[in-house]
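Text of coords33.cif, listed as mmCIF, C-alpha atoms:
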data_work
#
loop_
_atom_site.group_PDB
_atom_site.id
_atom_site.type_symbol
_atom_site.label_atom_id
_atom_site.label_comp_id
_atom_site.auth_asym_id
_atom_site.auth_seq_id
_atom_site.Cartn_x
_atom_site.Cartn_y
_atom_site.Cartn_z
ATOM 1 C CA MET A 22 104.729 90.542 143.035
ATOM 2 C CA SER A 23 103.210 93.744 141.703
ATOM 3 C CA ARG A 24 103.393 92.236 138.214
ATOM 4 C CA LEU A 25 101.363 89.221 139.303
ATOM 5 C CA PHE A 26 98.910 91.322 141.333
ATOM 6 C CA PRO A 27 98.631 94.736 139.648
ATOM 7 C CA HIS A 28 95.664 95.663 141.832
ATOM 8 C CA PRO A 29 95.991 94.110 145.296
ATOM 9 C CA MET A 30 92.775 95.708 146.535
ATOM 10 C CA LEU A 31 90.843 94.398 143.524
ATOM 11 C CA SER A 32 92.329 90.931 144.041
ATOM 12 C CA ALA A 33 91.333 90.934 147.702
ATOM 13 C CA THR A 34 87.827 92.130 146.858
ATOM 14 C CA LEU A 35 87.377 89.463 144.176
ATOM 15 C CA PHE A 36 88.657 86.752 146.527
ATOM 16 C CA LEU A 37 86.232 87.782 149.253
ATOM 17 C CA ALA A 38 83.339 88.258 146.807
ATOM 18 C CA TRP A 39 83.763 84.758 145.401
ATOM 19 C CA LEU A 40 83.847 83.186 148.866
ATOM 20 C CA LEU A 41 80.699 85.089 149.861
ATOM 21 C CA LEU A 42 78.919 84.080 146.643
ATOM 22 C CA ALA A 43 79.957 80.447 147.033
ATOM 23 C CA GLY A 44 78.905 80.566 150.673
ATOM 24 C CA SER A 45 81.631 78.192 151.805
ATOM 25 C CA THR A 46 85.326 78.114 152.634
ATOM 26 C CA ALA A 47 85.922 74.612 151.282
ATOM 27 C CA ILE A 48 89.203 73.995 149.481
ATOM 28 C CA ASN A 49 87.641 74.093 146.004
ATOM 29 C CA SER A 50 86.011 77.475 146.694
ATOM 30 C CA LEU A 51 89.322 78.845 147.995
ATOM 31 C CA LEU A 52 91.152 77.626 144.888
ATOM 32 C CA MET A 53 88.563 79.102 142.540
ATOM 33 C CA ALA A 54 88.640 82.403 144.448
ATOM 34 C CA ALA A 55 92.430 82.536 144.210
ATOM 35 C CA LEU A 56 92.289 81.779 140.496
ATOM 36 C CA LEU A 57 89.759 84.541 139.816
ATOM 37 C CA ALA A 58 91.583 87.013 142.064
ATOM 38 C CA THR A 59 94.714 86.431 139.985
ATOM 39 C CA LEU A 60 93.288 86.238 136.477
ATOM 40 C CA ILE A 61 90.687 89.050 136.440
ATOM 41 C CA PRO A 62 93.074 91.857 137.503
ATOM 42 C CA LEU A 63 95.619 90.602 134.959
ATOM 43 C CA ALA A 64 93.045 90.480 132.163
ATOM 44 C CA THR A 65 91.660 93.951 132.906
ATOM 45 C CA GLN A 66 95.024 95.556 133.649
ATOM 46 C CA ALA A 67 95.234 97.239 130.248
ATOM 47 C CA TYR A 68 92.036 99.200 130.898
ATOM 48 C CA TRP A 69 93.015 100.239 134.399
ATOM 49 C CA PRO A 70 96.618 101.449 134.389
ATOM 50 C CA SER A 71 96.603 103.632 137.504
ATOM 51 C CA ARG A 72 96.092 102.522 141.050
ATOM 52 C CA PRO A 73 93.768 104.585 143.265
ATOM 53 C CA LYS A 74 95.430 105.930 146.383
ATOM 54 C CA ILE A 75 93.063 105.676 149.301
ATOM 55 C CA ARG A 76 94.452 107.741 152.125
ATOM 56 C CA HIS A 77 91.833 107.031 154.762
ATOM 57 C CA PRO A 78 90.074 103.651 154.409
ATOM 58 C CA LEU A 79 88.127 104.289 157.623
ATOM 59 C CA ARG A 80 86.738 107.529 156.225
ATOM 60 C CA LEU A 81 85.626 105.548 153.158
ATOM 61 C CA ILE A 82 83.532 103.330 155.433
ATOM 62 C CA SER A 83 81.940 106.311 157.166
ATOM 63 C CA TYR A 84 81.331 107.810 153.704
ATOM 64 C CA ILE A 85 79.444 104.655 152.649
ATOM 65 C CA ALA A 86 77.377 104.848 155.846
ATOM 66 C CA LEU A 87 76.545 108.497 155.128
ATOM 67 C CA VAL A 88 75.477 107.646 151.556
ATOM 68 C CA LEU A 89 73.277 104.760 152.748
ATOM 69 C CA TYR A 90 71.557 107.099 155.200
ATOM 70 C CA ASP A 91 71.068 109.740 152.495
ATOM 71 C CA VAL A 92 69.667 107.123 150.097
ATOM 72 C CA ILE A 93 66.877 106.286 152.553
ATOM 73 C CA ILE A 94 66.018 109.911 153.387
ATOM 74 C CA ALA A 95 66.089 111.009 149.752
ATOM 75 C CA ASN A 96 64.012 108.008 148.641
ATOM 76 C CA ILE A 97 61.218 109.231 150.892
ATOM 77 C CA GLN A 98 61.515 112.732 149.418
ATOM 78 C CA VAL A 99 61.296 111.409 145.844
ATOM 79 C CA ALA A 100 58.369 109.153 146.767
ATOM 80 C CA ARG A 101 56.591 112.227 148.114
ATOM 81 C CA ILE A 102 57.259 114.155 144.876
ATOM 82 C CA ILE A 103 55.983 111.269 142.745
ATOM 83 C CA LEU A 104 52.870 110.690 144.842
ATOM 84 C CA PHE A 105 51.709 114.168 145.782
ATOM 85 C CA MET A 106 53.189 116.743 143.435
ATOM 86 C CA PRO A 107 51.224 117.606 140.273
ATOM 87 C CA ALA A 108 53.275 116.681 137.211
ATOM 88 C CA ASP A 109 53.341 120.229 135.854
ATOM 89 C CA GLN A 110 54.806 121.618 139.072
ATOM 90 C CA ILE A 111 57.874 119.397 139.050
ATOM 91 C CA LYS A 112 60.786 121.615 138.112
ATOM 92 C CA SER A 113 63.460 119.410 136.582
ATOM 93 C CA ALA A 114 66.820 120.935 135.792
ATOM 94 C CA TRP A 115 70.152 120.157 134.197
ATOM 95 C CA ILE A 116 72.945 121.158 136.550
ATOM 96 C CA THR A 117 76.656 121.393 135.811
ATOM 97 C CA VAL A 118 78.800 120.392 138.758
ATOM 98 C CA PRO A 119 82.506 121.243 138.452
ATOM 99 C CA VAL A 120 84.598 118.486 140.049
ATOM 100 C CA ASP A 121 88.051 118.737 141.494
ATOM 101 C CA LEU A 122 89.048 115.171 142.306
ATOM 102 C CA PRO A 123 92.467 113.622 141.775
ATOM 103 C CA CYS A 124 91.691 110.254 140.171
ATOM 104 C CA PRO A 125 89.057 108.643 137.914
ATOM 105 C CA GLU A 126 88.057 106.229 140.679
ATOM 106 C CA ALA A 127 87.056 109.136 142.926
ATOM 107 C CA ILE A 128 85.050 110.749 140.114
ATOM 108 C CA ALA A 129 83.288 107.441 139.433
ATOM 109 C CA LEU A 130 82.452 107.158 143.123
ATOM 110 C CA LEU A 131 81.023 110.685 143.159
ATOM 111 C CA ALA A 132 79.006 109.997 139.997
ATOM 112 C CA GLY A 133 77.637 106.779 141.511
ATOM 113 C CA THR A 134 76.767 108.570 144.736
ATOM 114 C CA ILE A 135 74.858 111.260 142.839
ATOM 115 C CA THR A 136 72.835 108.658 140.950
ATOM 116 C CA LEU A 137 72.092 106.552 144.032
ATOM 117 C CA THR A 138 70.913 109.480 146.119
ATOM 118 C CA PRO A 139 67.468 109.959 144.658
ATOM 119 C CA GLY A 140 66.425 113.137 142.930
ATOM 120 C CA THR A 141 69.716 113.528 141.115
ATOM 121 C CA LEU A 142 71.221 111.515 138.287
ATOM 122 C CA THR A 143 74.636 111.686 136.657
ATOM 123 C CA ALA A 144 74.009 112.009 132.919
ATOM 124 C CA GLU A 145 77.351 112.920 131.384
ATOM 125 C CA PHE A 146 80.967 113.841 131.978
ATOM 126 C CA SER A 147 82.835 116.660 130.333
ATOM 127 C CA ALA A 148 85.500 115.453 127.927
ATOM 128 C CA ASP A 149 88.287 116.572 130.278
ATOM 129 C CA ASN A 150 86.713 114.970 133.378
ATOM 130 C CA LYS A 151 86.431 118.324 135.134
ATOM 131 C CA ALA A 152 82.651 118.632 135.221
ATOM 132 C CA LEU A 153 79.645 116.366 135.687
ATOM 133 C CA LEU A 154 76.283 116.916 134.055
ATOM 134 C CA ILE A 155 73.539 115.917 136.445
ATOM 135 C CA HIS A 156 69.804 115.899 136.045
ATOM 136 C CA ALA A 157 67.693 116.813 139.054
ATOM 137 C CA LEU A 158 64.103 115.594 139.271
ATOM 138 C CA HIS A 159 62.896 118.563 141.291
ATOM 139 C CA ALA A 160 65.348 121.378 141.879
ATOM 140 C CA PRO A 161 63.726 124.768 142.345
ATOM 141 C CA ASP A 162 67.166 126.075 143.362
ATOM 142 C CA PRO A 163 69.895 124.435 141.227
ATOM 143 C CA ASP A 164 72.676 126.366 142.965
ATOM 144 C CA ALA A 165 71.709 124.863 146.320
ATOM 145 C CA THR A 166 71.743 121.343 144.840
ATOM 146 C CA ARG A 167 75.201 121.943 143.388
ATOM 147 C CA ALA A 168 76.503 123.385 146.653
ATOM 148 C CA GLU A 169 75.142 120.410 148.613
ATOM 149 C CA ILE A 170 76.841 117.874 146.326
ATOM 150 C CA LYS A 171 80.129 119.709 146.593
ATOM 151 C CA SER A 172 80.087 120.193 150.360
ATOM 152 C CA ARG A 173 78.500 116.904 151.375
ATOM 153 C CA TYR A 174 80.132 114.392 149.011
ATOM 154 C CA GLU A 175 82.974 115.933 147.027
ATOM 155 C CA SER A 176 84.793 117.453 150.005
ATOM 156 C CA ARG A 177 84.708 114.085 151.793
ATOM 157 C CA LEU A 178 86.012 112.263 148.711
ATOM 158 C CA GLN A 179 88.806 114.813 148.387
ATOM 159 C CA ARG A 180 89.924 113.899 151.878
ATOM 160 C CA ILE A 181 89.721 110.145 151.197
ATOM 161 C CA PHE A 182 91.611 110.124 147.883
ATOM 162 C CA ARG A 183 94.879 111.848 147.325
ATOM 163 C CA MET B 4 58.616 82.105 164.948
ATOM 164 C CA ASN B 5 58.884 84.981 167.340
ATOM 165 C CA LEU B 6 56.152 87.575 166.803
ATOM 166 C CA THR B 7 58.427 90.636 166.890
ATOM 167 C CA ILE B 8 60.739 89.148 164.273
ATOM 168 C CA GLU B 9 57.735 88.301 162.123
ATOM 169 C CA LEU B 10 56.435 91.842 162.441
ATOM 170 C CA LEU B 11 59.851 93.275 161.560
ATOM 171 C CA ILE B 12 60.172 91.067 158.477
ATOM 172 C CA SER B 13 56.638 91.899 157.351
ATOM 173 C CA ALA B 14 57.291 95.617 157.802
ATOM 174 C CA LEU B 15 60.449 95.377 155.707
ATOM 175 C CA LEU B 16 58.590 93.485 152.967
ATOM 176 C CA ILE B 17 55.788 96.071 152.936
ATOM 177 C CA ILE B 18 58.299 98.949 152.790
ATOM 178 C CA GLY B 19 60.182 97.280 149.948
ATOM 179 C CA GLY B 20 56.996 96.524 148.035
ATOM 180 C CA SER B 21 55.642 100.056 148.470
ATOM 181 C CA PHE B 22 58.811 101.660 147.150
ATOM 182 C CA GLY B 23 58.779 99.327 144.155
ATOM 183 C CA LEU B 24 55.157 100.275 143.501
ATOM 184 C CA ILE B 25 55.887 104.010 143.881
ATOM 185 C CA GLY B 26 58.810 103.664 141.466
ATOM 186 C CA SER B 27 56.561 102.019 138.864
ATOM 187 C CA PHE B 28 53.848 104.619 139.442
ATOM 188 C CA GLY B 29 56.457 107.343 138.852
ATOM 189 C CA LEU B 30 57.262 105.749 135.519
ATOM 190 C CA LEU B 31 53.592 106.185 134.611
ATOM 191 C CA LYS B 32 53.087 109.671 136.009
ATOM 192 C CA LEU B 33 56.220 111.607 135.092
ATOM 193 C CA ARG B 34 56.238 113.216 131.659
ATOM 194 C CA GLU B 35 59.761 113.634 130.344
ATOM 195 C CA PRO B 36 62.111 110.717 129.611
ATOM 196 C CA MET B 37 64.781 112.107 131.939
ATOM 197 C CA GLN B 38 62.256 112.458 134.758
ATOM 198 C CA ARG B 39 61.094 108.893 134.213
ATOM 199 C CA LEU B 40 64.657 107.697 134.585
ATOM 200 C CA HIS B 41 64.574 108.882 138.211
ATOM 201 C CA ALA B 42 61.701 106.673 139.307
ATOM 202 C CA PRO B 43 63.083 103.150 138.666
ATOM 203 C CA THR B 44 66.682 103.929 139.722
ATOM 204 C CA LYS B 45 65.325 104.779 143.157
ATOM 205 C CA ALA B 46 63.029 101.789 143.564
ATOM 206 C CA THR B 47 66.045 99.509 143.224
ATOM 207 C CA THR B 48 67.851 101.034 146.184
ATOM 208 C CA VAL B 49 65.352 101.084 149.032
ATOM 209 C CA GLY B 50 62.824 98.663 147.505
ATOM 210 C CA VAL B 51 65.233 95.850 146.770
ATOM 211 C CA GLY B 52 67.341 96.717 149.814
ATOM 212 C CA ALA B 53 64.435 96.280 152.230
ATOM 213 C CA SER B 54 63.335 93.010 150.558
ATOM 214 C CA LEU B 55 66.880 91.656 150.775
ATOM 215 C CA ILE B 56 67.201 92.521 154.460
ATOM 216 C CA ALA B 57 63.870 90.768 155.050
ATOM 217 C CA ALA B 58 65.099 87.676 153.178
ATOM 218 C CA ALA B 59 68.394 87.638 155.091
ATOM 219 C CA LEU B 60 66.582 88.028 158.433
ATOM 220 C CA THR B 61 64.222 85.158 157.596
ATOM 221 C CA LEU B 62 67.122 82.864 156.721
ATOM 222 C CA LEU B 63 69.044 83.919 159.816
ATOM 223 C CA TRP B 64 66.046 83.232 162.027
ATOM 224 C CA GLN B 65 65.096 79.884 160.478
ATOM 225 C CA THR B 66 68.499 78.302 159.885
ATOM 226 C CA GLY B 67 70.814 80.401 162.019
ATOM 227 C CA ALA B 68 73.100 80.921 159.026
ATOM 228 C CA ALA B 69 73.959 84.386 157.777
ATOM 229 C CA SER B 70 73.016 84.839 154.126
ATOM 230 C CA TRP B 71 75.929 86.635 152.521
ATOM 231 C CA GLN B 72 74.514 86.112 149.035
ATOM 232 C CA GLY B 73 71.810 88.645 149.838
ATOM 233 C CA VAL B 74 74.433 91.204 150.804
ATOM 234 C CA MET B 75 76.257 90.518 147.547
ATOM 235 C CA VAL B 76 73.057 91.080 145.544
ATOM 236 C CA ALA B 77 72.718 94.480 147.221
ATOM 237 C CA VAL B 78 76.372 95.329 146.533
ATOM 238 C CA PHE B 79 76.092 94.395 142.847
ATOM 239 C CA LEU B 80 72.865 96.386 142.541
ATOM 240 C CA PHE B 81 74.469 99.479 144.015
ATOM 241 C CA LEU B 82 77.394 99.058 141.619
ATOM 242 C CA THR B 83 75.350 98.513 138.460
ATOM 243 C CA ALA B 84 72.345 100.831 138.964
ATOM 244 C CA PRO B 85 74.372 104.048 138.405
ATOM 245 C CA LEU B 86 75.959 102.548 135.287
ATOM 246 C CA SER B 87 72.690 101.592 133.608
ATOM 247 C CA GLY B 88 71.264 104.987 134.575
ATOM 248 C CA LEU B 89 74.263 106.731 133.024
ATOM 249 C CA MET B 90 73.973 104.697 129.821
ATOM 250 C CA LEU B 91 70.240 105.448 129.472
ATOM 251 C CA ALA B 92 70.872 109.157 130.054
ATOM 252 C CA LYS B 93 73.631 109.128 127.434
ATOM 253 C CA ALA B 94 71.366 107.389 124.935
ATOM 254 C CA HIS B 95 68.633 109.947 125.583
ATOM 255 C CA ARG B 96 71.109 112.815 125.160
ATOM 256 C CA HIS B 97 72.337 111.564 121.808
ATOM 257 C CA LEU B 98 68.884 110.728 120.478
ATOM 258 C CA SER B 99 66.801 113.765 121.411
ATOM 259 C CA ARG B 100 69.579 116.363 121.893
ATOM 260 C CA PRO B 101 68.190 118.383 124.817
ATOM 261 C CA ASP B 102 69.578 121.857 125.536
ATOM 262 C CA LEU B 103 72.435 121.372 127.955
ATOM 263 C CA PRO B 104 74.119 123.948 130.168
ATOM 264 C CA PRO B 105 77.769 124.731 129.333
ATOM 265 C CA THR B 106 80.455 122.583 130.951
ATOM 266 C CA GLY B 107 82.223 125.528 132.522
ATOM 267 C CA THR B 108 85.539 124.069 131.391
ATOM 268 C CA LYS B 109 87.353 124.326 128.079
ATOM 269 C CA ALA B 110 86.225 120.870 126.939
ATOM 270 C CA PRO B 111 82.715 120.025 125.701
ATOM 271 C CA TRP B 112 80.542 117.267 127.143
ATOM 272 C CA ALA B 113 81.957 113.838 126.360
ATOM 273 C CA GLY B 114 80.973 112.575 122.917
ATOM 274 C CA GLU B 115 80.289 116.037 121.559
ATOM 275 C CA THR B 116 82.380 117.473 118.777
ATOM 276 C CA PRO B 117 84.119 120.634 119.994
ATOM 277 C CA PRO B 118 82.894 123.897 118.409
ATOM 278 C CA LYS B 119 84.915 125.034 115.422
ATOM 279 C CA PRO B 120 87.259 127.920 116.213
#
Would you write out, as structure tokens, the structure that this file holds?
Amino acid sequence: MSRLFPHPMLSATLFLAWLLLAGSTAINSLLMAALLATLIPLATQAYWPSRPKIRHPLRLISYIALVLYDVIIANIQVARIILFMPADQIKSAWITVPVDLPCPEAIALLAGTITLTPGTLTAEFSADNKALLIHALHAPDPDATRAEIKSRYESRLQRIFR
Amino acid sequence: MNLTIELLISALLIIGGSFGLIGSFGLLKLREPMQRLHAPTKATTVGVGASLIAAALTLLWQTGAASWQGVMVAVFLFLTAPLSGLMLAKAHRHLSRPDLPPTGTKAPWAGETPPKP
């Protein structure tokens, strides 16, 4: 079974995604969804050998809700910077954020979160996956930005992933 | 159509449109390439998000059917926006070689040759 479905979560997600895209639960949509949910994980298996261990799926949902809320708040902040701050007063900065997360999936999630929350952007990883290079649009205090990312997002991800 | 729903949908469309406009204006105003990268990655999130919610609400109100395709568009956007942002930042880093802070670990930034011992 695990040979046919190397990533059960991915298979389930693909199945659901296809049904939602097709917008119907007719037999042909179900068959196509099953086919894709079987073939895509098999075809991409070589590039994705490990399986992420999600310890608390419910916490993942509350994490997504937190990020969505932050996206809206931070969008307003960035809009304010763009509209009202003179261009020569914007203090952009490169910030190194050390990460301590167990699996690549968690690091990818953190990197995506940083990019989606406006004002910060993941630009690069260190070669050993232990640090992220982020670019902040306006960060007068880079240490505070780093501390916020670590306490607000990374600590939650540490609790979700093992 | 009910007036409150119409007002809600219009408000969402205006919010979405304004954020798209602000994002484009940022592209024009900001000076450095890395700063400019911030403006459009943000417009996609709230700008497109608000427009999609408006579209889904309109469909729900007119036909009574939930539009899951709109939700999927938002999901795919949230998945792909960080990736394209990362790729653009990487391209910028390799082309114009800005001064980067140290990694703080033993390894260099990905794609860099490690310093000779």
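Between A:Ile75 and the residues A:Phe182, A:Phe26, A:Thr136, A:Ala157, the shortest atom-to-atom distance, using all atoms listed in the file, involves A:Phe182.
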_So that I can check the surroundings of B:Ile17, please list as a list in words every protein, DNA and RNA residue that reaches within 10 Å of it, counting all atoms listed in the file and ignoring chain neighbours fewer than 6 positions away._
Leu11, Gly23, Gly50, Ala53, Ser54 and Ala57 of chain B
*Best match for closeness to B:Thr48 among B:Gly67, B:Gly107, B:Pro101, B:Gly19, counting only C-alpha atoms*: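 Closest candidate: B:Gly19.
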*Determine the nearest neighbour of chain B from the options A:Ser147, A:Ser83, A:Thr166, A:Ser172, counting only C-alpha atoms.*
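Looking only at the distances to chain B, the closest residue turns out to be A:Ser147.
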*Apply the PyMOL selection byres ((chain B) within 7 of (chain A)) to the displayed file and report the matching residues as a ChimeraX atom specification.*
/B:25,29,33,38,41,45,49,71-72,85,89,92-93,103-104,106,108,110-113
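Reported to one decimal place, the separation of atom CA of A:Thr59 from atom CA of A:Phe36 is 8.9 Å.
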Atoms are missing here; could stretch 32-58 of chain B be completed with N, CA and C atoms and written as a CSV table (one decimal), in the coordinates of the input?
chain,number,residue,atom,x,y,z
B,32,LYS,N,53.6,108.3,135.8
B,32,LYS,CA,53.1,109.7,136.0
B,32,LYS,C,54.0,110.7,135.4
B,33,LEU,N,55.3,110.6,135.5
B,33,LEU,CA,56.2,111.6,135.1
B,33,LEU,C,56.2,111.7,133.6
B,34,ARG,N,56.5,112.9,133.1
B,34,ARG,CA,56.2,113.2,131.7
B,34,ARG,C,57.5,113.1,130.8
B,35,GLU,N,58.6,113.6,131.2
B,35,GLU,CA,59.8,113.6,130.3
B,35,GLU,C,60.6,112.4,130.6
B,36,PRO,N,61.3,111.9,129.5
B,36,PRO,CA,62.1,110.7,129.6
B,36,PRO,C,63.1,110.8,130.7
B,37,MET,N,63.8,112.0,130.9
B,37,MET,CA,64.8,112.1,131.9
B,37,MET,C,64.2,112.0,133.3
B,38,GLN,N,62.9,112.6,133.5
B,38,GLN,CA,62.3,112.5,134.8
B,38,GLN,C,61.9,111.0,135.1
B,39,ARG,N,61.5,110.3,134.0
B,39,ARG,CA,61.1,108.9,134.2
B,39,ARG,C,62.3,108.0,134.6
B,40,LEU,N,63.5,108.5,134.2
B,40,LEU,CA,64.7,107.7,134.6
B,40,LEU,C,64.9,107.7,136.1
B,41,HIS,N,64.4,108.8,136.8
B,41,HIS,CA,64.6,108.9,138.2
B,41,HIS,C,63.8,107.8,139.0
B,42,ALA,N,62.6,107.5,138.5
B,42,ALA,CA,61.7,106.7,139.3
B,42,ALA,C,62.3,105.3,139.5
B,43,PRO,N,62.6,104.5,138.4
B,43,PRO,CA,63.1,103.2,138.7
B,43,PRO,C,64.5,103.1,139.3
B,44,THR,N,65.4,104.0,139.1
B,44,THR,CA,66.7,103.9,139.7
B,44,THR,C,66.5,104.0,141.2
B,45,LYS,N,65.5,104.7,141.7
B,45,LYS,CA,65.3,104.8,143.2
B,45,LYS,C,64.7,103.5,143.8
B,46,ALA,N,63.7,103.0,143.0
B,46,ALA,CA,63.0,101.8,143.6
B,46,ALA,C,64.0,100.7,143.8
B,47,THR,N,65.1,100.6,143.0
B,47,THR,CA,66.0,99.5,143.2
B,47,THR,C,66.7,99.7,144.6
B,48,THR,N,67.0,100.9,145.0
B,48,THR,CA,67.9,101.0,146.2
B,48,THR,C,67.1,100.6,147.4
B,49,VAL,N,66.1,101.4,147.8
B,49,VAL,CA,65.4,101.1,149.0
B,49,VAL,C,64.4,99.9,148.9
B,50,GLY,N,63.8,99.8,147.7
B,50,GLY,CA,62.8,98.7,147.5
B,50,GLY,C,63.5,97.3,147.6
B,51,VAL,N,64.5,97.1,146.8
B,51,VAL,CA,65.2,95.8,146.8
B,51,VAL,C,66.0,95.7,148.1
B,52,GLY,N,66.6,96.8,148.6
B,52,GLY,CA,67.3,96.7,149.8
B,52,GLY,C,66.5,96.2,151.0
B,53,ALA,N,65.3,96.7,151.1
B,53,ALA,CA,64.4,96.3,152.2
B,53,ALA,C,64.0,94.8,152.0
B,54,SER,N,63.7,94.4,150.8
B,54,SER,CA,63.3,93.0,150.6
B,54,SER,C,64.5,92.1,150.9
B,55,LEU,N,65.7,92.5,150.5
B,55,LEU,CA,66.9,91.7,150.8
B,55,LEU,C,67.1,91.5,152.3
B,56,ILE,N,67.0,92.6,153.0
B,56,ILE,CA,67.2,92.5,154.5
B,56,ILE,C,66.2,91.6,155.1
B,57,ALA,N,64.9,91.7,154.6
B,57,ALA,CA,63.9,90.8,155.0
B,57,ALA,C,64.2,89.3,154.8
B,58,ALA,N,64.7,89.0,153.5
B,58,ALA,CA,65.1,87.7,153.2
B,58,ALA,C,66.2,87.2,154.1
